[in-house]
$ cat data-v4.cif   # mmCIF, C-alpha atoms and all ligand atoms
data_target
#
loop_
_atom_site.group_PDB
_atom_site.id
_atom_site.type_symbol
_atom_site.label_atom_id
_atom_site.label_comp_id
_atom_site.auth_asym_id
_atom_site.auth_seq_id
_atom_site.Cartn_x
_atom_site.Cartn_y
_atom_site.Cartn_z
ATOM 1 C CA MET A 11 5.457 50.285 35.788
ATOM 2 C CA SER A 12 7.532 53.282 36.872
ATOM 3 C CA ALA A 13 10.872 52.860 38.616
ATOM 4 C CA ALA A 14 10.914 51.211 42.054
ATOM 5 C CA THR A 15 7.091 50.872 42.173
ATOM 6 C CA GLY A 16 7.290 47.118 42.669
ATOM 7 C CA PHE A 17 10.090 47.291 45.236
ATOM 8 C CA SER A 18 9.356 46.694 48.935
ATOM 9 C CA PRO A 19 10.773 44.661 51.817
ATOM 10 C CA GLU A 20 8.355 41.894 50.811
ATOM 11 C CA SER A 21 9.472 41.884 47.184
ATOM 12 C CA TYR A 22 13.114 41.816 48.314
ATOM 13 C CA ALA A 23 12.319 38.796 50.490
ATOM 14 C CA ALA A 24 10.534 37.187 47.526
ATOM 15 C CA LEU A 25 13.576 37.780 45.313
ATOM 16 C CA ILE A 26 15.852 36.171 47.910
ATOM 17 C CA ASP A 27 13.388 33.280 48.272
ATOM 18 C CA SER A 28 13.422 32.676 44.532
ATOM 19 C CA LEU A 29 17.226 32.557 44.552
ATOM 20 C CA ARG A 30 17.270 30.281 47.593
ATOM 21 C CA ALA A 31 14.785 28.023 45.829
ATOM 22 C CA ARG A 32 17.383 27.693 43.062
ATOM 23 C CA GLY A 33 19.957 26.596 45.625
ATOM 24 C CA TYR A 34 21.644 29.944 46.268
ATOM 25 C CA GLU A 35 23.211 30.766 49.603
ATOM 26 C CA GLY A 36 24.724 33.993 50.876
ATOM 27 C CA ARG A 37 28.474 34.546 50.823
ATOM 28 C CA ASP A 38 30.623 37.623 51.262
ATOM 29 C CA PHE A 39 33.259 38.965 48.877
ATOM 30 C CA PHE A 40 35.954 36.936 50.633
ATOM 31 C CA THR A 41 34.316 33.523 50.564
ATOM 32 C CA VAL A 42 32.410 33.543 47.252
ATOM 33 C CA ARG A 43 33.356 30.811 44.775
ATOM 34 C CA PRO A 44 32.556 31.617 41.119
ATOM 35 C CA GLU A 45 31.403 28.117 40.189
ATOM 36 C CA ALA A 46 29.052 27.779 43.174
ATOM 37 C CA ARG A 47 25.481 28.962 43.738
ATOM 38 C CA HIS A 48 26.758 31.779 45.904
ATOM 39 C CA LEU A 49 25.013 35.095 46.332
ATOM 40 C CA VAL A 50 26.992 38.167 47.376
ATOM 41 C CA LEU A 51 24.638 40.839 48.698
ATOM 42 C CA ARG A 52 25.975 44.340 48.239
ATOM 43 C CA HIS A 53 24.322 47.601 49.217
ATOM 44 C CA ASP A 54 25.674 50.990 48.242
ATOM 45 C CA ILE A 55 24.382 53.695 50.593
ATOM 46 C CA ASP A 56 23.898 56.613 48.199
ATOM 47 C CA VAL A 57 21.056 58.450 49.919
ATOM 48 C CA SER A 58 19.945 57.370 53.370
ATOM 49 C CA LEU A 59 21.611 55.751 56.376
ATOM 50 C CA ASP A 60 18.173 55.191 57.917
ATOM 51 C CA ALA A 61 17.056 53.159 54.900
ATOM 52 C CA ALA A 62 20.295 51.167 55.151
ATOM 53 C CA LEU A 63 19.638 50.423 58.805
ATOM 54 C CA ALA A 64 16.069 49.321 58.041
ATOM 55 C CA MET A 65 17.355 47.016 55.302
ATOM 56 C CA ALA A 66 20.108 45.650 57.561
ATOM 57 C CA GLU A 67 17.604 44.756 60.274
ATOM 58 C CA PHE A 68 15.225 43.235 57.732
ATOM 59 C CA GLU A 69 18.009 41.093 56.285
ATOM 60 C CA VAL A 70 18.916 39.745 59.714
ATOM 61 C CA LYS A 71 15.293 38.580 60.056
ATOM 62 C CA LEU A 72 15.722 36.776 56.735
ATOM 63 C CA GLY A 73 18.937 35.166 57.973
ATOM 64 C CA LEU A 74 21.069 37.219 55.587
ATOM 65 C CA ARG A 75 24.289 39.159 55.966
ATOM 66 C CA ALA A 76 25.433 41.726 53.403
ATOM 67 C CA THR A 77 28.160 44.258 52.740
ATOM 68 C CA TYR A 78 27.112 47.899 53.197
ATOM 69 C CA PHE A 79 29.228 50.502 51.425
ATOM 70 C CA VAL A 80 29.301 53.968 53.006
ATOM 71 C CA LEU A 81 30.116 57.299 51.366
ATOM 72 C CA LEU A 82 32.207 59.652 53.474
ATOM 73 C CA ARG A 83 32.027 62.523 50.990
ATOM 74 C CA CYS A 84 28.290 62.766 50.577
ATOM 75 C CA GLU A 85 25.859 65.691 50.325
ATOM 76 C CA LEU A 86 22.918 63.697 51.660
ATOM 77 C CA TYR A 87 24.025 62.144 54.934
ATOM 78 C CA ASN A 88 26.773 62.566 57.477
ATOM 79 C CA PRO A 89 28.477 59.413 58.777
ATOM 80 C CA PHE A 90 30.467 61.534 61.245
ATOM 81 C CA ALA A 91 27.374 62.921 62.980
ATOM 82 C CA GLU A 92 26.461 60.960 66.081
ATOM 83 C CA ALA A 93 23.287 59.505 64.542
ATOM 84 C CA GLY A 94 25.224 58.403 61.459
ATOM 85 C CA ARG A 95 28.040 56.848 63.425
ATOM 86 C CA LYS A 96 25.532 54.902 65.527
ATOM 87 C CA VAL A 97 23.967 53.464 62.368
ATOM 88 C CA LEU A 98 27.348 52.372 61.018
ATOM 89 C CA ARG A 99 28.331 50.702 64.264
ATOM 90 C CA HIS A 100 24.967 48.978 64.431
ATOM 91 C CA LEU A 101 25.438 47.577 60.915
ATOM 92 C CA GLY A 102 28.616 45.907 62.138
ATOM 93 C CA ALA A 103 26.988 44.717 65.367
ATOM 94 C CA LEU A 104 24.251 43.037 63.296
ATOM 95 C CA GLY A 105 26.934 40.993 61.548
ATOM 96 C CA HIS A 106 27.086 42.909 58.269
ATOM 97 C CA GLU A 107 30.348 43.998 56.687
ATOM 98 C CA VAL A 108 30.932 47.749 56.328
ATOM 99 C CA GLY A 109 32.985 48.884 53.351
ATOM 100 C CA LEU A 110 33.902 52.230 51.834
ATOM 101 C CA HIS A 111 31.785 53.646 48.999
ATOM 102 C CA PHE A 112 34.311 55.774 47.182
ATOM 103 C CA ASP A 113 33.622 58.621 44.775
ATOM 104 C CA ALA A 114 36.667 58.636 42.506
ATOM 105 C CA ALA A 115 35.263 61.593 40.530
ATOM 106 C CA LEU A 116 36.146 63.853 43.483
ATOM 107 C CA VAL A 117 39.855 63.012 43.235
ATOM 108 C CA ASP A 118 42.240 64.758 40.835
ATOM 109 C CA GLY A 119 45.118 62.752 39.456
ATOM 110 C CA GLY A 120 45.863 59.183 38.486
ATOM 111 C CA MET A 121 45.907 55.835 40.208
ATOM 112 C CA GLU A 122 48.376 56.934 42.851
ATOM 113 C CA ALA A 123 46.126 59.828 43.920
ATOM 114 C CA LEU A 124 43.120 57.473 43.986
ATOM 115 C CA ASP A 125 45.021 55.014 46.159
ATOM 116 C CA GLN A 126 46.023 57.744 48.572
ATOM 117 C CA ALA A 127 42.547 59.287 48.808
ATOM 118 C CA ALA A 128 40.937 55.871 49.283
ATOM 119 C CA ALA A 129 43.494 54.972 51.969
ATOM 120 C CA GLU A 130 42.705 58.197 53.836
ATOM 121 C CA GLU A 131 38.959 57.554 53.653
ATOM 122 C CA CYS A 132 39.384 53.937 54.774
ATOM 123 C CA ALA A 133 41.394 55.111 57.790
ATOM 124 C CA MET A 134 38.638 57.595 58.693
ATOM 125 C CA LEU A 135 35.912 54.980 58.275
ATOM 126 C CA GLU A 136 37.878 52.499 60.379
ATOM 127 C CA GLY A 137 38.031 55.143 63.111
ATOM 128 C CA LEU A 138 34.260 55.561 62.920
ATOM 129 C CA ILE A 139 33.308 51.896 63.018
ATOM 130 C CA ASP A 140 36.232 50.655 65.088
ATOM 131 C CA ARG A 141 36.886 47.708 62.818
ATOM 132 C CA PRO A 142 38.910 47.119 59.650
ATOM 133 C CA VAL A 143 37.604 48.222 56.258
ATOM 134 C CA ARG A 144 38.425 45.335 53.957
ATOM 135 C CA ILE A 145 36.613 46.288 50.758
ATOM 136 C CA ILE A 146 35.687 49.309 48.642
ATOM 137 C CA SER A 147 33.035 49.958 46.007
ATOM 138 C CA PHE A 148 33.157 52.828 43.532
ATOM 139 C CA HIS A 149 30.256 55.289 43.503
ATOM 140 C CA ARG A 150 29.057 55.862 39.924
ATOM 141 C CA PRO A 151 32.332 54.579 38.469
ATOM 142 C CA ALA A 152 33.807 55.844 35.224
ATOM 143 C CA GLN A 153 34.005 53.167 32.533
ATOM 144 C CA ALA A 154 37.770 52.799 33.099
ATOM 145 C CA LEU A 155 37.208 51.667 36.703
ATOM 146 C CA LEU A 156 34.746 48.897 35.829
ATOM 147 C CA GLY A 157 36.767 45.705 35.819
ATOM 148 C CA LEU A 158 39.868 47.447 37.221
ATOM 149 C CA ALA A 159 42.215 44.524 37.825
ATOM 150 C CA ARG A 160 44.119 45.839 40.824
ATOM 151 C CA PRO A 161 43.334 46.500 44.442
ATOM 152 C CA LEU A 162 42.656 50.002 45.745
ATOM 153 C CA ALA A 163 44.459 51.301 48.827
ATOM 154 C CA GLY A 164 45.661 47.726 49.354
ATOM 155 C CA ARG A 165 42.082 46.510 49.597
ATOM 156 C CA ALA A 166 39.711 44.511 47.441
ATOM 157 C CA HIS A 167 37.107 46.425 45.423
ATOM 158 C CA ALA A 168 33.749 45.273 44.153
ATOM 159 C CA TYR A 169 34.448 45.902 40.434
ATOM 160 C CA GLU A 170 37.511 43.684 40.279
ATOM 161 C CA PRO A 171 37.155 41.123 37.470
ATOM 162 C CA ARG A 172 36.775 38.340 40.051
ATOM 163 C CA PHE A 173 33.589 40.014 41.387
ATOM 164 C CA PHE A 174 32.340 41.629 38.209
ATOM 165 C CA LYS A 175 33.287 39.380 35.281
ATOM 166 C CA ALA A 176 34.127 35.968 36.755
ATOM 167 C CA ILE A 177 30.767 36.012 38.521
ATOM 168 C CA GLY A 178 27.395 37.437 37.488
ATOM 169 C CA TYR A 179 26.583 41.037 38.373
ATOM 170 C CA CYS A 180 23.172 42.612 38.683
ATOM 171 C CA SER A 181 22.179 46.081 39.911
ATOM 172 C CA ASP A 182 18.956 47.976 40.690
ATOM 173 C CA SER A 183 20.352 51.329 39.484
ATOM 174 C CA ARG A 184 17.804 54.171 39.400
ATOM 175 C CA GLY A 185 15.217 51.892 40.965
ATOM 176 C CA ALA A 186 15.008 49.159 38.337
ATOM 177 C CA PHE A 187 16.727 46.003 37.174
ATOM 178 C CA HIS A 188 17.564 47.376 33.742
ATOM 179 C CA HIS A 189 19.258 44.169 32.661
ATOM 180 C CA GLY A 190 16.488 41.832 33.702
ATOM 181 C CA ASP A 191 15.290 40.242 36.909
ATOM 182 C CA PRO A 192 18.151 38.784 38.975
ATOM 183 C CA SER A 193 16.413 35.413 39.323
ATOM 184 C CA SER A 194 16.629 34.976 35.548
ATOM 185 C CA HIS A 195 20.182 36.353 35.249
ATOM 186 C CA PRO A 196 22.398 34.165 32.995
ATOM 187 C CA ALA A 197 24.616 33.326 35.999
ATOM 188 C CA VAL A 198 21.567 32.068 37.897
ATOM 189 C CA MET A 199 20.430 30.076 34.867
ATOM 190 C CA ALA A 200 23.904 28.513 34.822
ATOM 191 C CA GLY A 201 23.990 27.963 38.613
ATOM 192 C CA THR A 202 27.069 30.118 39.171
ATOM 193 C CA ALA A 203 27.802 32.953 41.590
ATOM 194 C CA LEU A 204 26.088 36.341 41.504
ATOM 195 C CA GLN A 205 26.895 39.753 42.970
ATOM 196 C CA LEU A 206 23.557 41.484 43.613
ATOM 197 C CA LEU A 207 23.824 45.247 44.139
ATOM 198 C CA THR A 208 20.783 46.943 45.628
ATOM 199 C CA HIS A 209 20.318 50.422 47.085
ATOM 200 C CA PRO A 210 18.306 50.429 50.351
ATOM 201 C CA ILE A 211 16.460 53.668 49.460
ATOM 202 C CA TRP A 212 14.572 51.814 46.670
ATOM 203 C CA TRP A 213 13.426 48.912 48.827
ATOM 204 C CA MET A 214 12.503 50.169 52.292
ATOM 205 C CA ALA A 215 9.042 51.519 51.443
ATOM 206 C CA GLU A 216 5.804 49.794 50.577
ATOM 207 C CA ALA A 217 5.072 48.766 47.000
ATOM 208 C CA GLY A 218 3.090 51.162 44.818
ATOM 209 C CA ILE A 219 5.315 54.198 45.431
ATOM 210 C CA ASP A 220 7.488 55.282 42.536
ATOM 211 C CA ALA A 221 11.128 56.371 42.729
ATOM 212 C CA THR A 222 10.415 60.110 42.852
ATOM 213 C CA ASP A 223 7.881 59.734 45.662
ATOM 214 C CA ARG A 224 10.331 57.562 47.620
ATOM 215 C CA LEU A 225 12.942 60.308 47.312
ATOM 216 C CA GLU A 226 10.400 63.025 48.237
ATOM 217 C CA ARG A 227 9.484 61.045 51.346
ATOM 218 C CA TYR A 228 13.198 60.969 52.223
ATOM 219 C CA VAL A 229 13.483 64.747 51.654
ATOM 220 C CA THR A 230 10.493 65.367 53.945
ATOM 221 C CA GLY A 231 12.045 63.241 56.691
ATOM 222 C CA ARG A 232 15.409 64.972 56.358
ATOM 223 C CA SER A 233 13.774 68.414 56.426
ATOM 224 C CA ALA A 234 12.002 67.559 59.661
ATOM 225 C CA ALA A 235 15.271 66.328 61.180
ATOM 226 C CA MET A 236 17.039 69.522 60.103
ATOM 227 C CA ARG A 237 14.294 71.646 61.669
ATOM 228 C CA ARG A 238 14.640 69.740 64.935
ATOM 229 C CA ALA A 239 18.413 70.229 64.872
ATOM 230 C CA LEU A 240 18.025 73.951 64.137
ATOM 231 C CA ALA A 241 15.495 74.389 66.933
ATOM 232 C CA THR A 242 17.963 72.782 69.352
ATOM 233 C CA MET A 243 20.762 75.057 68.206
ATOM 234 C CA ILE A 244 18.956 78.356 67.629
ATOM 235 C CA GLU A 245 16.442 79.360 70.284
ATOM 236 C CA SER A 246 14.644 81.926 68.133
ATOM 237 C CA TYR A 247 13.961 79.456 65.319
ATOM 238 C CA ASP A 248 10.350 78.325 65.121
ATOM 239 C CA PRO A 249 10.224 74.887 63.467
ATOM 240 C CA GLN A 250 6.411 75.056 63.022
ATOM 241 C CA ARG A 251 6.635 78.308 61.077
ATOM 242 C CA GLY A 252 9.603 76.879 59.123
ATOM 243 C CA ALA A 253 7.483 73.889 58.114
ATOM 244 C CA GLY A 254 4.682 76.238 56.993
ATOM 245 C CA GLU A 255 2.263 74.887 59.572
HETATM 246 ZN ZN ZN A 301 26.799 54.922 44.791
#

$ encode --input "data-v4.cif" --output "structure tokens"
Amino acid sequence: MSAATGFSPESYAALIDSLRARGYEGRDFFTVRPEARHLVLRHDIDVSLDAALAMAEFEVKLGLRATYFVLLRCELYNPFAEAGRKVLRHLGALGHEVGLHFDAALVDGGMEALDQAAAEECAMLEGLIDRPVRIISFHRPAQALLGLARPLAGRAHAYEPRFFKAIGYCSDSRGAFHHGDPSSHPAVMAGTALQLLTHPIWWMAEAGIDATDRLERYVTGRSAAMRRALATMIESYDPQRGAGE
């Protein structure tokens, strides 16, 4: 089966059900206990704020709250645009935590420079969402940052040993659970805590669509939104002709 083909809102709900059936209950990064059947739901928003919003609303229906990590320096979405800011505020209003998704590869220098850049981004994100940013996750972290045993910008981060080594960790990177299904993760077999990282873009479409087609669907939606924005801004622009219709 190609990447993400089996992923859908229904299969996400089924995964949560299977963990709940094993006694797991949701916790956030600040209340998780390693020895307990606690499930920390983490979402890194790499591609689409709209997919994140859809996932956030779906999770509320399932009685779940998660932590959504937002990139500020991102080529694919703009959290500062009005539509983006609305999504971020709505995530908070739904009861989810909003954290910073931080791309350390964009920062030159050592730990001090990382701290400073992360602090600046946290301050900007706090301005956008009008609430404190308490936690950070690294976007595509270098090996040296995995298990980094210190806070960043005075805040917790999701790859600290207490969230990454002391508890189980499982991710759907590139649209697949490369290290096995979360419900058979060694931590789950042992009845201890698990951090489950999923990316909304892989889950908020019906089953049967592979990863590339999910991304193409996103590109099509973004193109249409860009054409609408251009038509609003530039009178002479013809969005129909632009779309090749
Ligand atoms: Zn990421």

$ resolve_selection --input "data-v4.cif" --expression "the PyMOL selection byres (((not hetatm)) within 6 of (chain A and resi 301))" --output "ChimeraX atom specification"
/A:54,56,149-150

$ resolve_selection --input "data-v4.cif" --expression "the PyMOL selection byres (((chain A and resi 197) around 10) and not hetatm)" --output "MDAnalysis selection string"
chainID A and resid 44:45 47 176:180 192:196 198:205

$ resolve_selection --input "data-v4.cif" --expression "the PyMOL selection byres (((chain A and resi 131-138) around 12) and not hetatm)" --output "PyMOL selection string"
chain A and resi 79-83+88-100+102+107-114+117+124-130+139-147+162-166

$ atom_distance --input "data-v4.cif" --atom1 "CA of Gly73 (chain A)" --atom2 "CA of Thr208 (chain A)"
17.2 Å

$ closest_residue --input "data-v4.cif" --among "A:Ala239, A:Leu156, A:Leu25, A:Leu225" --to "Leu72 (chain A)" --atoms "all atoms listed in the file"
A:Leu25

$ closest_residue --input "data-v4.cif" --among "A:Pro161, A:Gly36, A:Gly16, A:Gly254" --to "Arg224 (chain A)" --atoms "all atoms listed in the file"
A:Gly16

$ atom_distance --input "data-v4.cif" --atom1 "CA of Ala24 (chain A)" --atom2 "CA of Tyr169 (chain A)"
26.4 Å

$ closest_residue --input "data-v4.cif" --among "A:Tyr87, A:Phe68, A:Tyr34, A:Phe39" --to "Met236 (chain A)" --atoms "only C-alpha atoms"
A:Tyr87

$ atom_distance --input "data-v4.cif" --atom1 "CA of Thr77 (chain A)" --atom2 "CA of Arg232 (chain A)"
24.6 Å

$ residues_near_point --input "data-v4.cif" --point "(16.4, 44.7, 59.4)" --cutoff "10 Å" --atoms "only C-alpha atoms" --output "PyMOL selection string"
chain A and resi 19+61-74+101+104+214

$ closest_residue --input "data-v4.cif" --among "A:Ile219, A:Ala235, A:Ala115, A:Leu206" --to "Asp191 (chain A)" --atoms "only C-alpha atoms"
A:Leu206

$ residues_around --input "data-v4.cif" --residues "Glu35 (chain A)" --least-positions-apart "2" --cutoff "10 Å" --atoms "all atoms listed in the file" --output "number ranges by chain"
A: 26, 29-33, 37, 42, 46-50, 74, 203

$ residues_around --input "data-v4.cif" --residues "region 247-249 of chain A" --least-positions-apart "2" --cutoff "12 Å" --atoms "all atoms listed in the file" --output "PDB file with C-alpha atoms, keeping the file's coordinate frame"
ATOM      1  CA  SER A 233      13.774  68.414  56.426  1.00  0.00           C
ATOM      2  CA  ALA A 234      12.002  67.559  59.661  1.00  0.00           C
ATOM      3  CA  ALA A 235      15.271  66.328  61.180  1.00  0.00           C
ATOM      4  CA  MET A 236      17.039  69.522  60.103  1.00  0.00           C
ATOM      5  CA  ARG A 237      14.294  71.646  61.669  1.00  0.00           C
ATOM      6  CA  ARG A 238      14.640  69.740  64.935  1.00  0.00           C
ATOM      7  CA  ALA A 239      18.413  70.229  64.872  1.00  0.00           C
ATOM      8  CA  LEU A 240      18.025  73.951  64.137  1.00  0.00           C
ATOM      9  CA  ALA A 241      15.495  74.389  66.933  1.00  0.00           C
ATOM     10  CA  THR A 242      17.963  72.782  69.352  1.00  0.00           C
ATOM     11  CA  MET A 243      20.762  75.057  68.206  1.00  0.00           C
ATOM     12  CA  ILE A 244      18.956  78.356  67.629  1.00  0.00           C
ATOM     13  CA  GLU A 245      16.442  79.360  70.284  1.00  0.00           C
ATOM     14  CA  ARG A 251       6.635  78.308  61.077  1.00  0.00           C
ATOM     15  CA  GLY A 252       9.603  76.879  59.123  1.00  0.00           C
ATOM     16  CA  ALA A 253       7.483  73.889  58.114  1.00  0.00           C
ATOM     17  CA  GLY A 254       4.682  76.238  56.993  1.00  0.00           C
ATOM     18  CA  GLU A 255       2.263  74.887  59.572  1.00  0.00           C
TER      19      GLU A 255
END

$ build_atoms --input "data-v4.cif" --residues "region 174-184 of chain A" --atoms "all heavy atoms" --output "short mmCIF file (atom, residue, chain, number, x, y, z; two decimals), in the frame of the given file"
data_model
loop_
_atom_site.label_atom_id
_atom_site.label_comp_id
_atom_site.auth_asym_id
_atom_site.auth_seq_id
_atom_site.Cartn_x
_atom_site.Cartn_y
_atom_site.Cartn_z
N PHE A 174 33.12 40.87 39.18
CA PHE A 174 32.34 41.63 38.21
C PHE A 174 32.26 40.91 36.87
O PHE A 174 31.29 41.07 36.15
CB PHE A 174 33.00 43.01 38.05
CG PHE A 174 32.23 43.99 37.21
CD1 PHE A 174 30.95 44.40 37.57
CD2 PHE A 174 32.80 44.50 36.05
CE1 PHE A 174 30.26 45.30 36.79
CE2 PHE A 174 32.10 45.42 35.27
CZ PHE A 174 30.83 45.81 35.64
N LYS A 175 33.28 40.10 36.56
CA LYS A 175 33.29 39.38 35.28
C LYS A 175 33.28 37.87 35.50
O LYS A 175 32.58 37.14 34.79
CB LYS A 175 34.51 39.80 34.46
CG LYS A 175 34.46 41.28 34.08
CD LYS A 175 35.33 41.62 32.88
CE LYS A 175 34.97 42.99 32.33
NZ LYS A 175 36.00 44.00 32.55
N ALA A 176 34.06 37.42 36.49
CA ALA A 176 34.13 35.97 36.76
C ALA A 176 32.84 35.46 37.39
O ALA A 176 32.54 34.27 37.34
CB ALA A 176 35.32 35.64 37.65
N ILE A 177 32.08 36.39 37.99
CA ILE A 177 30.77 36.01 38.52
C ILE A 177 29.72 36.96 37.92
O ILE A 177 30.07 38.01 37.37
CB ILE A 177 30.72 36.03 40.07
CG1 ILE A 177 30.80 37.46 40.63
CG2 ILE A 177 31.84 35.18 40.66
CD1 ILE A 177 30.64 37.51 42.15
N GLY A 178 28.45 36.58 38.01
CA GLY A 178 27.40 37.44 37.49
C GLY A 178 27.29 38.72 38.32
O GLY A 178 27.70 38.76 39.48
N TYR A 179 26.73 39.75 37.69
CA TYR A 179 26.58 41.04 38.37
C TYR A 179 25.24 41.62 37.97
O TYR A 179 24.89 41.63 36.78
CB TYR A 179 27.72 41.98 37.96
CG TYR A 179 27.53 43.41 38.40
CD1 TYR A 179 27.89 43.83 39.68
CD2 TYR A 179 26.98 44.36 37.53
CE1 TYR A 179 27.71 45.15 40.08
CE2 TYR A 179 26.79 45.69 37.92
CZ TYR A 179 27.16 46.07 39.19
OH TYR A 179 26.98 47.38 39.59
N CYS A 180 24.51 42.10 38.95
CA CYS A 180 23.17 42.61 38.68
C CYS A 180 22.89 43.77 39.63
O CYS A 180 23.18 43.68 40.83
CB CYS A 180 22.18 41.47 38.93
SG CYS A 180 20.55 41.78 38.30
N SER A 181 22.37 44.88 39.10
CA SER A 181 22.18 46.08 39.91
C SER A 181 20.80 46.68 39.70
O SER A 181 20.22 46.61 38.61
CB SER A 181 23.26 47.10 39.53
OG SER A 181 22.85 48.40 39.85
N ASP A 182 20.27 47.33 40.75
CA ASP A 182 18.96 47.98 40.69
C ASP A 182 19.08 49.49 40.43
O ASP A 182 18.26 50.26 40.92
CB ASP A 182 18.20 47.76 42.01
CG ASP A 182 18.83 48.52 43.17
OD1 ASP A 182 19.97 49.01 43.02
OD2 ASP A 182 18.19 48.63 44.23
N SER A 183 20.08 49.90 39.69
CA SER A 183 20.35 51.33 39.48
C SER A 183 19.10 52.09 39.07
O SER A 183 18.32 51.62 38.23
CB SER A 183 21.43 51.51 38.43
OG SER A 183 22.63 50.96 38.91
N ARG A 184 18.93 53.27 39.66
CA ARG A 184 17.80 54.17 39.40
C ARG A 184 16.45 53.51 39.69
O ARG A 184 15.42 53.89 39.17
CB ARG A 184 17.85 54.72 37.96
CG ARG A 184 19.14 55.50 37.67
CD ARG A 184 19.18 56.09 36.27
NE ARG A 184 19.00 55.11 35.23
CZ ARG A 184 19.95 54.26 34.81
NH1 ARG A 184 21.14 54.28 35.36
NH2 ARG A 184 19.70 53.41 33.85
#
